[in-house]
>>> print(open('query.txt').read())   # compact mmCIF, C-alpha atoms and all ligand atoms
# COMPACT_ATOMS: atom_id res chain seq x y z
CA MET A 1 -22.72 9.89 3.96
CA LYS A 2 -24.01 6.43 3.04
CA ASN A 3 -24.97 3.89 5.68
CA LYS A 4 -22.71 0.88 5.74
CA LEU A 5 -24.30 -2.04 3.93
CA ILE A 6 -23.90 -5.55 5.31
CA ALA A 7 -24.99 -8.34 2.99
CA ALA A 8 -25.29 -11.94 4.18
CA ASN A 9 -24.81 -14.73 1.66
CA TRP A 10 -26.17 -17.91 3.25
CA LYS A 11 -25.20 -19.95 0.17
CA MET A 12 -26.66 -23.52 0.23
CA ASN A 13 -26.92 -23.75 4.00
CA LEU A 14 -29.51 -23.98 6.80
CA SER A 15 -32.79 -25.85 7.26
CA ALA A 16 -36.17 -24.10 7.18
CA VAL A 17 -36.25 -24.05 10.98
CA GLN A 18 -32.73 -22.58 11.22
CA SER A 19 -33.54 -20.02 8.53
CA ALA A 20 -36.67 -18.90 10.36
CA GLU A 21 -34.66 -18.39 13.55
CA LEU A 22 -31.96 -16.41 11.78
CA PHE A 23 -34.49 -14.27 9.89
CA LYS A 24 -36.13 -13.44 13.21
CA GLN A 25 -32.82 -12.51 14.85
CA CYS A 26 -31.75 -10.38 11.87
CA ALA A 27 -35.10 -8.58 11.82
CA SER A 28 -34.63 -7.45 15.41
CA LEU A 29 -30.91 -6.74 14.90
CA ALA A 30 -31.85 -4.25 12.18
CA GLN A 31 -33.63 -2.15 14.81
CA THR A 32 -30.40 -1.67 16.77
CA VAL A 33 -27.77 -0.99 14.09
CA PRO A 34 -27.68 1.97 11.72
CA SER A 35 -26.31 -0.10 8.88
CA ASP A 36 -28.47 -1.45 6.05
CA LEU A 37 -28.83 -5.22 6.02
CA ILE A 38 -29.43 -7.55 3.11
CA ILE A 39 -30.09 -11.25 3.60
CA CYS A 40 -29.55 -13.58 0.64
CA PRO A 41 -30.96 -16.97 1.66
CA PRO A 42 -31.34 -20.06 -0.54
CA ALA A 43 -34.18 -19.53 -3.05
CA THR A 44 -36.50 -21.91 -1.20
CA TYR A 45 -36.50 -19.58 1.81
CA LEU A 46 -37.11 -16.33 -0.07
CA GLN A 47 -40.86 -16.37 0.53
CA MET A 48 -40.31 -17.05 4.23
CA GLY A 49 -37.78 -14.22 4.38
CA ASN A 50 -40.19 -11.91 2.62
CA SER A 51 -42.85 -12.39 5.29
CA MET A 52 -40.51 -12.61 8.28
CA LEU A 53 -38.48 -9.52 7.36
CA GLU A 54 -41.53 -7.45 6.48
CA SER A 55 -41.34 -3.95 8.00
CA SER A 56 -37.99 -4.74 9.68
CA GLY A 57 -36.06 -2.68 7.14
CA VAL A 58 -33.93 -5.71 6.23
CA HIS A 59 -33.71 -6.18 2.47
CA LEU A 60 -34.06 -9.52 0.77
CA GLY A 61 -31.63 -10.67 -1.92
CA ALA A 62 -31.35 -13.71 -4.14
CA GLN A 63 -28.14 -15.62 -4.76
CA ASN A 64 -28.67 -16.02 -8.48
CA VAL A 65 -30.93 -15.01 -11.37
CA ASN A 66 -31.38 -16.31 -14.89
CA GLN A 67 -30.56 -13.87 -17.66
CA ASN A 68 -33.71 -14.71 -19.66
CA LEU A 69 -37.10 -13.19 -18.99
CA ALA A 70 -39.09 -16.47 -19.13
CA GLY A 71 -39.21 -19.75 -20.98
CA ALA A 72 -37.84 -23.28 -21.10
CA TYR A 73 -35.05 -22.95 -18.54
CA THR A 74 -35.70 -25.84 -16.17
CA GLY A 75 -34.68 -25.16 -12.62
CA GLU A 76 -34.01 -21.46 -13.14
CA LEU A 77 -35.61 -18.33 -11.67
CA SER A 78 -36.24 -15.08 -13.55
CA ALA A 79 -35.71 -11.57 -12.25
CA SER A 80 -39.46 -10.92 -12.16
CA MET A 81 -40.01 -14.08 -10.09
CA LEU A 82 -37.44 -12.82 -7.60
CA LYS A 83 -39.22 -9.48 -7.49
CA ASP A 84 -42.47 -11.33 -6.79
CA CYS A 85 -40.75 -12.98 -3.80
CA GLY A 86 -39.84 -9.58 -2.40
CA CYS A 87 -36.21 -9.41 -3.51
CA ALA A 88 -34.61 -6.03 -3.97
CA PHE A 89 -31.09 -7.36 -4.62
CA VAL A 90 -29.45 -10.26 -6.40
CA ILE A 91 -25.89 -11.56 -6.21
CA ILE A 92 -24.36 -11.84 -9.68
CA GLY A 93 -20.92 -13.10 -10.69
CA HIS A 94 -20.01 -14.79 -7.44
CA SER A 95 -16.78 -16.72 -7.99
CA GLU A 96 -18.49 -19.96 -6.99
CA ARG A 97 -20.93 -19.52 -9.86
CA ARG A 98 -18.23 -18.37 -12.26
CA THR A 99 -16.09 -21.44 -11.58
CA GLN A 100 -18.48 -24.23 -10.56
CA PHE A 101 -21.31 -23.32 -12.93
CA ASN A 102 -19.22 -22.00 -15.81
CA GLU A 103 -20.79 -18.57 -15.80
CA SER A 104 -18.97 -16.61 -18.48
CA ASP A 105 -18.45 -12.85 -18.58
CA GLU A 106 -21.17 -12.71 -21.27
CA ILE A 107 -23.69 -14.52 -19.06
CA ILE A 108 -22.85 -12.27 -16.13
CA ALA A 109 -23.35 -9.15 -18.26
CA ALA A 110 -26.75 -10.49 -19.40
CA LYS A 111 -27.73 -11.23 -15.79
CA VAL A 112 -26.80 -7.69 -14.72
CA LYS A 113 -28.96 -6.33 -17.55
CA ALA A 114 -31.91 -8.59 -16.63
CA ALA A 115 -31.65 -7.57 -12.98
CA ILE A 116 -31.46 -3.83 -13.64
CA GLU A 117 -34.28 -3.91 -16.16
CA ASN A 118 -36.46 -5.61 -13.53
CA SER A 119 -35.55 -3.12 -10.78
CA LEU A 120 -33.35 -5.55 -8.88
CA THR A 121 -30.07 -4.10 -7.65
CA PRO A 122 -27.17 -6.33 -8.67
CA ILE A 123 -24.55 -7.20 -6.08
CA LEU A 124 -21.83 -7.66 -8.67
CA CYS A 125 -18.96 -9.79 -7.39
CA ILE A 126 -15.51 -9.33 -8.83
CA GLY A 127 -12.19 -10.66 -7.62
CA GLU A 128 -8.78 -11.86 -8.66
CA SER A 129 -7.21 -15.29 -8.17
CA GLU A 130 -4.12 -15.72 -6.02
CA ASN A 131 -2.08 -16.26 -9.15
CA GLN A 132 -3.32 -13.04 -10.74
CA ARG A 133 -2.42 -11.13 -7.58
CA THR A 134 1.08 -12.64 -7.54
CA LEU A 135 1.56 -11.69 -11.19
CA GLY A 136 0.50 -8.08 -10.51
CA LEU A 137 -2.65 -8.42 -12.64
CA THR A 138 -5.19 -7.58 -9.93
CA ASN A 139 -6.14 -4.07 -10.99
CA SER A 140 -6.35 -4.75 -14.70
CA PHE A 141 -8.39 -7.90 -14.12
CA LEU A 142 -10.87 -6.16 -11.83
CA THR A 143 -11.42 -3.25 -14.18
CA TYR A 144 -11.89 -5.75 -17.01
CA GLN A 145 -14.50 -7.63 -14.95
CA ILE A 146 -16.39 -4.41 -14.23
CA ASP A 147 -16.34 -3.25 -17.85
CA SER A 148 -17.48 -6.61 -19.07
CA ALA A 149 -20.27 -7.06 -16.49
CA LEU A 150 -21.65 -3.58 -17.15
CA SER A 151 -21.25 -3.68 -20.91
CA LEU A 152 -24.94 -4.19 -21.67
CA VAL A 153 -26.35 -1.47 -19.44
CA ASP A 154 -26.64 2.16 -20.24
CA LYS A 155 -24.94 4.86 -18.13
CA THR A 156 -28.31 6.24 -17.09
CA GLN A 157 -29.39 2.84 -15.78
CA MET A 158 -26.51 2.76 -13.30
CA LYS A 159 -28.47 4.32 -10.46
CA ASN A 160 -28.34 1.35 -8.13
CA LEU A 161 -25.39 -0.96 -8.03
CA VAL A 162 -23.43 -2.81 -5.40
CA ILE A 163 -19.93 -3.94 -6.29
CA ALA A 164 -18.49 -6.59 -3.99
CA TYR A 165 -14.72 -6.91 -4.23
CA GLU A 166 -14.09 -10.52 -3.25
CA PRO A 167 -10.59 -11.86 -3.90
CA ILE A 168 -11.20 -15.50 -4.88
CA TRP A 169 -8.40 -16.69 -2.63
CA ALA A 170 -10.01 -15.01 0.38
CA ILE A 171 -13.45 -16.65 0.07
CA GLY A 172 -14.02 -19.22 2.80
CA THR A 173 -10.30 -19.54 3.50
CA ASN A 174 -9.78 -17.36 6.58
CA LYS A 175 -7.20 -15.48 4.52
CA THR A 176 -7.72 -11.82 3.71
CA PRO A 177 -5.70 -9.17 1.94
CA SER A 178 -4.00 -6.72 4.29
CA ILE A 179 -5.95 -3.60 5.17
CA ALA A 180 -3.55 -1.61 2.96
CA GLN A 181 -4.20 -3.97 0.06
CA ILE A 182 -7.98 -3.68 0.48
CA GLN A 183 -7.66 0.11 0.56
CA GLN A 184 -5.43 0.21 -2.48
CA THR A 185 -7.47 -2.22 -4.57
CA MET A 186 -10.84 -0.73 -3.73
CA THR A 187 -9.56 2.77 -4.40
CA THR A 188 -8.57 1.58 -7.86
CA ILE A 189 -12.08 0.24 -8.42
CA VAL A 190 -13.70 3.48 -7.25
CA LYS A 191 -11.42 5.57 -9.48
CA HIS A 192 -12.32 3.35 -12.40
CA MET A 193 -16.02 3.81 -11.70
CA TYR A 194 -15.62 7.61 -11.49
CA LYS A 195 -13.77 7.61 -14.79
CA LYS A 196 -16.40 5.43 -16.40
CA TYR A 197 -19.57 6.98 -14.98
CA GLY A 198 -18.58 10.42 -13.73
CA GLU A 199 -21.48 12.11 -12.00
CA ASN A 200 -23.71 9.09 -12.50
CA PHE A 201 -21.37 7.29 -10.15
CA THR A 202 -21.08 10.01 -7.52
CA ASP A 203 -24.76 10.87 -7.45
CA SER A 204 -26.03 7.36 -7.47
CA SER A 205 -26.18 4.85 -4.69
CA VAL A 206 -23.27 2.70 -5.78
CA HIS A 207 -22.00 0.79 -2.77
CA MET A 208 -18.56 -0.76 -2.65
CA LEU A 209 -18.37 -3.87 -0.46
CA TYR A 210 -15.44 -5.99 0.59
CA GLY A 211 -16.04 -9.76 0.83
CA GLY A 212 -13.87 -12.75 1.64
CA SER A 213 -13.42 -14.24 5.12
CA VAL A 214 -14.95 -11.25 6.89
CA SER A 215 -15.23 -12.22 10.56
CA ASP A 216 -16.12 -10.76 13.91
CA THR A 217 -12.41 -10.16 14.50
CA ASN A 218 -11.34 -8.43 11.27
CA CYS A 219 -14.57 -6.53 10.47
CA GLN A 220 -13.74 -3.42 12.49
CA ALA A 221 -10.52 -2.73 10.60
CA ILE A 222 -12.09 -3.41 7.22
CA LEU A 223 -15.23 -1.34 7.85
CA SER A 224 -13.21 1.58 9.17
CA LEU A 225 -11.86 2.21 5.66
CA ASP A 226 -13.64 5.12 3.97
CA VAL A 227 -13.53 3.37 0.63
CA VAL A 228 -15.44 0.39 2.07
CA ASP A 229 -19.20 0.97 2.15
CA GLY A 230 -19.88 -2.41 3.71
CA CYS A 231 -19.20 -6.14 3.54
CA LEU A 232 -20.50 -9.25 1.83
CA VAL A 233 -20.37 -11.96 4.47
CA GLY A 234 -20.54 -15.68 3.78
CA GLY A 235 -19.66 -18.16 6.53
CA ALA A 236 -19.88 -15.69 9.43
CA SER A 237 -23.42 -14.70 8.45
CA LEU A 238 -24.67 -18.16 9.44
CA ASN A 239 -23.70 -17.57 13.05
CA PHE A 240 -25.89 -14.87 14.57
CA GLU A 241 -23.42 -13.81 17.28
CA LYS A 242 -20.67 -13.29 14.71
CA PHE A 243 -22.99 -11.57 12.26
CA GLU A 244 -24.27 -9.27 14.98
CA LYS A 245 -20.70 -8.22 15.83
CA ILE A 246 -20.01 -7.48 12.17
CA CYS A 247 -23.14 -5.34 11.92
CA GLN A 248 -22.22 -3.54 15.12
CA ALA A 249 -18.71 -2.88 13.81
CA SER A 250 -20.23 -0.91 11.00
CA VAL A 251 -21.32 1.66 13.56
CA LYS A 252 -18.88 4.54 13.85
CA PRO A 253 -17.01 4.30 17.19
CA SER A 254 -18.52 7.60 18.38
CA LEU A 255 -22.04 6.28 17.83
CA VAL A 256 -21.27 3.08 19.71
CA ALA A 257 -20.01 5.10 22.65
CA ALA A 258 -23.10 7.30 22.65
CA LYS A 259 -25.56 4.36 22.86
C1 LIG B 1 -18.82 -15.12 -0.12
O1 LIG B 1 -18.91 -16.25 -0.54
O2 LIG B 1 -19.41 -14.20 -0.71
C2 LIG B 1 -18.03 -14.88 1.06
C3 LIG B 1 -17.66 -13.66 1.31
O3 LIG B 1 -17.74 -15.98 1.81
P1 LIG B 1 -16.90 -16.00 3.19
O4 LIG B 1 -17.29 -14.82 4.00
O5 LIG B 1 -17.27 -17.31 3.82
O6 LIG B 1 -15.45 -15.95 2.81
>>> encode(input="query.txt", output="structure tokens", more="lines below")
Ligand code: PEP
Amino acid sequence: MKNKLIAANWKMNLSAVQSAELFKQCASLAQTVPSDLIICPPATYLQMGNSMLESSGVHLGAQNVNQNLAGAYTGELSASMLKDCGCAFVIIGHSERRTQFNESDEIIAAKVKAAIENSLTPILCIGESENQRTLGLTNSFLTYQIDSALSLVDKTQMKNLVIAYEPIWAIGTNKTPSIAQIQQTMTTIVKHMYKKYGENFTDSSVHMLYGGSVSDTNCQAILSLDVVDGCLVGGASLNFEKFEKICQASVKPSLVAAK
């Protein structure tokens, strides 16, 4: 059975001093929880994270990557640069980048390819709008997003992938789908992945995360779902006490009791 995976997306938040404190707290937290942790700080703090998280077992992730290998792309970072900073993961297709930075499905597919070819594991974000959910288009939209994002990578390259199901309307809003809706939607995604990748999916370390207003109060119910391998946490990951509770909730109740 896979460990639960808790990924923190700090977005464009925190000073250097605050980041250092949070890196330190997360490094020691990792020694007490059996879940795998990924911290995705702003790019300017990646180097700091790389040295402060060293030998803690906490993985480092970037929040974005350019789809090109190198060249005249002012302000951008390549996959190999992120590797040089110690990143193992990169968030791709976050709804904030899709909407605020006009990232098209084609760009996202190229970013996934660039990440995989440079041994970075993509944390591929997919999610429907509130309107799409109301119209009953959730499942077809999500499977379309997956097919499109993975269209440039070969089946055999699909060894390491994280898919984060993040309904757009749940991000930063304190609104979440019901537990039954999360179960139903994520089961659809898993079935689609099985159909698409067969054994490559089952044998590989594909993790399915839920993201969108995960908090210290709803995490237990969400993480108790078998179909949920972990969470992508935005706002609550900036507050260590809340983040700690989320990471502790990923421990099976029997293990908590035995501690
Ligand atoms: C996110 O942006 O990936 C996210 C899940 O944010 P929040 O937890 O704040 O809703």
>>> residues_around(input="query.txt", residues="region 35-51 of chain A", least_positions_apart="2", cutoff="6 Å", atoms="only C-alpha atoms", output="JSON, numbers by chain")
{"A": [3, 4, 5, 6, 7, 8, 9, 10, 12, 33, 53, 54, 58, 59, 60, 61, 62, 63, 85, 86]}
>>> residues_around(input="query.txt", residues="Ala109 (chain A)", least_positions_apart="4", cutoff="7 Å", atoms="only C-alpha atoms", output="number ranges by chain")
A: 105, 113, 148-152
>>> residues_near_ligand(input="query.txt", ligand="ligand LIG 1 (chain B)", cutoff="7 Å", atoms="all atoms listed in the file", output="ChimeraX atom specification")
/A:9,94,166,170-174,211-214,232-236
>>> residues_around(input="query.txt", residues="Tyr197 (chain A)", least_positions_apart="3", cutoff="12 Å", atoms="all atoms listed in the file", output="VMD selection string")
chain A and resid 146 to 147 150 153 to 159 190 to 194 200 to 204 206
>>> closest_residue(input="query.txt", among="A:Leu137, A:Ile179, A:Ala72, A:Met81", to="Asn118 (chain A)", atoms="only C-alpha atoms")
A:Met81
>>> residues_around(input="query.txt", residues="Thr187 (chain A)", least_positions_apart="2", cutoff="12 Å", atoms="only C-alpha atoms", output="VMD selection string")
chain A and resid 139 142 to 143 165 180 to 185 189 to 194 208 to 210 225 to 229
>>> write_last_selection(input="query.txt", atoms="C-alpha atoms", output="compact mmCIF listing (two decimals), in the coordinates of the input")
# COMPACT_ATOMS: atom_id res chain seq x y z
CA ASN A 139 -6.14 -4.07 -10.99
CA LEU A 142 -10.87 -6.16 -11.83
CA THR A 143 -11.42 -3.25 -14.18
CA TYR A 165 -14.72 -6.91 -4.23
CA ALA A 180 -3.55 -1.61 2.96
CA GLN A 181 -4.20 -3.97 0.06
CA ILE A 182 -7.98 -3.68 0.48
CA GLN A 183 -7.66 0.11 0.56
CA GLN A 184 -5.43 0.21 -2.48
CA THR A 185 -7.47 -2.22 -4.57
CA ILE A 189 -12.08 0.24 -8.42
CA VAL A 190 -13.70 3.48 -7.25
CA LYS A 191 -11.42 5.57 -9.48
CA HIS A 192 -12.32 3.35 -12.40
CA MET A 193 -16.02 3.81 -11.70
CA TYR A 194 -15.62 7.61 -11.49
CA MET A 208 -18.56 -0.76 -2.65
CA LEU A 209 -18.37 -3.87 -0.46
CA TYR A 210 -15.44 -5.99 0.59
CA LEU A 225 -11.86 2.21 5.66
CA ASP A 226 -13.64 5.12 3.97
CA VAL A 227 -13.53 3.37 0.63
CA VAL A 228 -15.44 0.39 2.07
CA ASP A 229 -19.20 0.97 2.15
>>> closest_residue(input="query.txt", among="A:Asn68, A:Ser215, A:Gln145, A:Ser119", to="Arg98 (chain A)", atoms="only C-alpha atoms")
A:Gln145
>>> closest_residue(input="query.txt", among="A:Ala249, A:Leu238, A:Ile92, A:Ala70", to="Ile222 (chain A)", atoms="all atoms listed in the file")
A:Ala249
>>> atom_distance(input="query.txt", atom1="CA of Pro34 (chain A)", atom2="CA of Met186 (chain A)")
23.0 Å
>>> atom_distance(input="query.txt", atom1="CA of Thr32 (chain A)", atom2="CA of Gly230 (chain A)")
16.8 Å
>>> closest_residue(input="query.txt", among="A:Cys87, A:Gly71, A:Cys231, A:Asn66", to="Lys111 (chain A)", atoms="only C-alpha atoms")
A:Asn66
>>> residues_near_point(input="query.txt", point="(-19.2, -9.5, 16.1)", cutoff="12 Å", atoms="all atoms listed in the file", output="list in words")
Val214, Ser215, Asp216, Thr217, Asn218, Cys219, Gln220, Val233, Ala236, Ser237, Asn239, Phe240, Glu241, Lys242, Phe243, Glu244, Lys245, Ile246, Cys247, Gln248, Ala249, Ser250 and Val251 of chain A
>>> closest_residue(input="query.txt", among="A:Ala88, A:Leu82, A:Ala115, A:Ala20", to="Gln67 (chain A)", atoms="all atoms listed in the file")
A:Ala115
>>> residues_near_point(input="query.txt", point="(-4.0, -15.2, -9.1)", cutoff="12 Å", atoms="all atoms listed in the file", output="ChimeraX atom specification")
/A:127-139,141-142,167-170
>>> atom_distance(input="query.txt", atom1="CA of Lys2 (chain A)", atom2="CA of Val162 (chain A)")
12.5 Å
>>> closest_residue(input="query.txt", among="A:Ala79, A:Val112, A:Leu161, A:Ala221", to="Thr176 (chain A)", atoms="all atoms listed in the file")
A:Ala221
>>> build_atoms(input="query.txt", residues="region 159-170 of chain A", atoms="all heavy atoms", output="mmCIF file, in the coordinates of the input")
data_model
loop_
_atom_site.group_PDB
_atom_site.id
_atom_site.type_symbol
_atom_site.label_atom_id
_atom_site.label_comp_id
_atom_site.auth_asym_id
_atom_site.auth_seq_id
_atom_site.Cartn_x
_atom_site.Cartn_y
_atom_site.Cartn_z
ATOM 1 N N LYS A 159 -28.081 3.644 -11.704
ATOM 2 C CA LYS A 159 -28.470 4.320 -10.460
ATOM 3 C C LYS A 159 -28.190 3.477 -9.227
ATOM 4 O O LYS A 159 -27.703 3.962 -8.221
ATOM 5 C CB LYS A 159 -29.960 4.678 -10.518
ATOM 6 C CG LYS A 159 -30.259 5.875 -11.405
ATOM 7 C CD LYS A 159 -30.243 7.158 -10.585
ATOM 8 C CE LYS A 159 -30.399 8.431 -11.353
ATOM 9 N NZ LYS A 159 -29.559 8.669 -12.480
ATOM 10 N N ASN A 160 -28.508 2.205 -9.296
ATOM 11 C CA ASN A 160 -28.340 1.350 -8.130
ATOM 12 C C ASN A 160 -27.450 0.170 -8.462
ATOM 13 O O ASN A 160 -27.782 -0.646 -9.314
ATOM 14 C CB ASN A 160 -29.702 0.813 -7.658
ATOM 15 C CG ASN A 160 -30.480 1.909 -6.992
ATOM 16 O OD1 ASN A 160 -29.996 2.578 -6.089
ATOM 17 N ND2 ASN A 160 -31.698 2.112 -7.466
ATOM 18 N N LEU A 161 -26.329 0.133 -7.783
ATOM 19 C CA LEU A 161 -25.390 -0.960 -8.030
ATOM 20 C C LEU A 161 -24.591 -1.198 -6.761
ATOM 21 O O LEU A 161 -24.217 -0.251 -6.060
ATOM 22 C CB LEU A 161 -24.442 -0.584 -9.187
ATOM 23 C CG LEU A 161 -23.343 -1.592 -9.506
ATOM 24 C CD1 LEU A 161 -23.920 -2.871 -10.108
ATOM 25 C CD2 LEU A 161 -22.326 -0.988 -10.487
ATOM 26 N N VAL A 162 -24.357 -2.456 -6.477
ATOM 27 C CA VAL A 162 -23.430 -2.810 -5.400
ATOM 28 C C VAL A 162 -22.302 -3.596 -6.052
ATOM 29 O O VAL A 162 -22.559 -4.540 -6.804
ATOM 30 C CB VAL A 162 -24.128 -3.676 -4.320
ATOM 31 C CG1 VAL A 162 -23.135 -4.057 -3.230
ATOM 32 C CG2 VAL A 162 -25.320 -2.940 -3.711
ATOM 33 N N ILE A 163 -21.079 -3.172 -5.803
ATOM 34 C CA ILE A 163 -19.930 -3.940 -6.290
ATOM 35 C C ILE A 163 -19.268 -4.577 -5.079
ATOM 36 O O ILE A 163 -18.910 -3.881 -4.118
ATOM 37 C CB ILE A 163 -18.919 -3.040 -7.039
ATOM 38 C CG1 ILE A 163 -19.565 -2.475 -8.300
ATOM 39 C CG2 ILE A 163 -17.657 -3.831 -7.393
ATOM 40 C CD1 ILE A 163 -18.634 -1.601 -9.133
ATOM 41 N N ALA A 164 -19.151 -5.894 -5.102
ATOM 42 C CA ALA A 164 -18.490 -6.590 -3.990
ATOM 43 C C ALA A 164 -17.117 -7.069 -4.475
ATOM 44 O O ALA A 164 -17.033 -7.927 -5.373
ATOM 45 C CB ALA A 164 -19.328 -7.771 -3.536
ATOM 46 N N TYR A 165 -16.081 -6.458 -3.907
ATOM 47 C CA TYR A 165 -14.720 -6.910 -4.230
ATOM 48 C C TYR A 165 -14.412 -8.114 -3.358
ATOM 49 O O TYR A 165 -14.285 -8.001 -2.145
ATOM 50 C CB TYR A 165 -13.701 -5.785 -3.993
ATOM 51 C CG TYR A 165 -12.280 -6.315 -4.006
ATOM 52 C CD1 TYR A 165 -11.819 -7.067 -5.085
ATOM 53 C CD2 TYR A 165 -11.421 -6.095 -2.935
ATOM 54 C CE1 TYR A 165 -10.527 -7.582 -5.088
ATOM 55 C CE2 TYR A 165 -10.137 -6.601 -2.931
ATOM 56 C CZ TYR A 165 -9.702 -7.353 -4.020
ATOM 57 O OH TYR A 165 -8.421 -7.880 -4.011
ATOM 58 N N GLU A 166 -14.327 -9.282 -3.982
ATOM 59 C CA GLU A 166 -14.090 -10.520 -3.250
ATOM 60 C C GLU A 166 -12.915 -11.262 -3.883
ATOM 61 O O GLU A 166 -13.110 -12.002 -4.885
ATOM 62 C CB GLU A 166 -15.316 -11.434 -3.315
ATOM 63 C CG GLU A 166 -16.576 -10.840 -2.754
ATOM 64 C CD GLU A 166 -17.514 -11.940 -2.262
ATOM 65 O OE1 GLU A 166 -17.946 -12.774 -3.065
ATOM 66 O OE2 GLU A 166 -17.794 -11.962 -1.062
ATOM 67 N N PRO A 167 -11.710 -11.091 -3.339
ATOM 68 C CA PRO A 167 -10.590 -11.860 -3.900
ATOM 69 C C PRO A 167 -10.933 -13.353 -3.791
ATOM 70 O O PRO A 167 -11.347 -13.811 -2.721
ATOM 71 C CB PRO A 167 -9.420 -11.518 -2.963
ATOM 72 C CG PRO A 167 -9.864 -10.344 -2.149
ATOM 73 C CD PRO A 167 -11.350 -10.320 -2.159
ATOM 74 N N ILE A 168 -10.780 -14.082 -4.871
ATOM 75 C CA ILE A 168 -11.200 -15.500 -4.880
ATOM 76 C C ILE A 168 -10.486 -16.274 -3.778
ATOM 77 O O ILE A 168 -11.074 -17.115 -3.104
ATOM 78 C CB ILE A 168 -10.911 -16.136 -6.258
ATOM 79 C CG1 ILE A 168 -11.714 -15.427 -7.337
ATOM 80 C CG2 ILE A 168 -11.256 -17.630 -6.262
ATOM 81 C CD1 ILE A 168 -11.344 -15.839 -8.759
ATOM 82 N N TRP A 169 -9.228 -15.949 -3.590
ATOM 83 C CA TRP A 169 -8.400 -16.690 -2.630
ATOM 84 C C TRP A 169 -8.771 -16.355 -1.181
ATOM 85 O O TRP A 169 -8.282 -17.021 -0.250
ATOM 86 C CB TRP A 169 -6.914 -16.385 -2.890
ATOM 87 C CG TRP A 169 -6.607 -14.909 -2.975
ATOM 88 C CD1 TRP A 169 -6.712 -14.125 -4.087
ATOM 89 C CD2 TRP A 169 -6.180 -14.066 -1.920
ATOM 90 N NE1 TRP A 169 -6.382 -12.831 -3.783
ATOM 91 C CE2 TRP A 169 -6.034 -12.764 -2.459
ATOM 92 C CE3 TRP A 169 -5.893 -14.261 -0.563
ATOM 93 C CZ2 TRP A 169 -5.630 -11.679 -1.691
ATOM 94 C CZ3 TRP A 169 -5.474 -13.176 0.195
ATOM 95 C CH2 TRP A 169 -5.349 -11.905 -0.374
ATOM 96 N N ALA A 170 -9.621 -15.386 -0.985
ATOM 97 C CA ALA A 170 -10.010 -15.010 0.380
ATOM 98 C C ALA A 170 -11.371 -15.597 0.758
ATOM 99 O O ALA A 170 -11.772 -15.540 1.921
ATOM 100 C CB ALA A 170 -10.042 -13.489 0.515
#
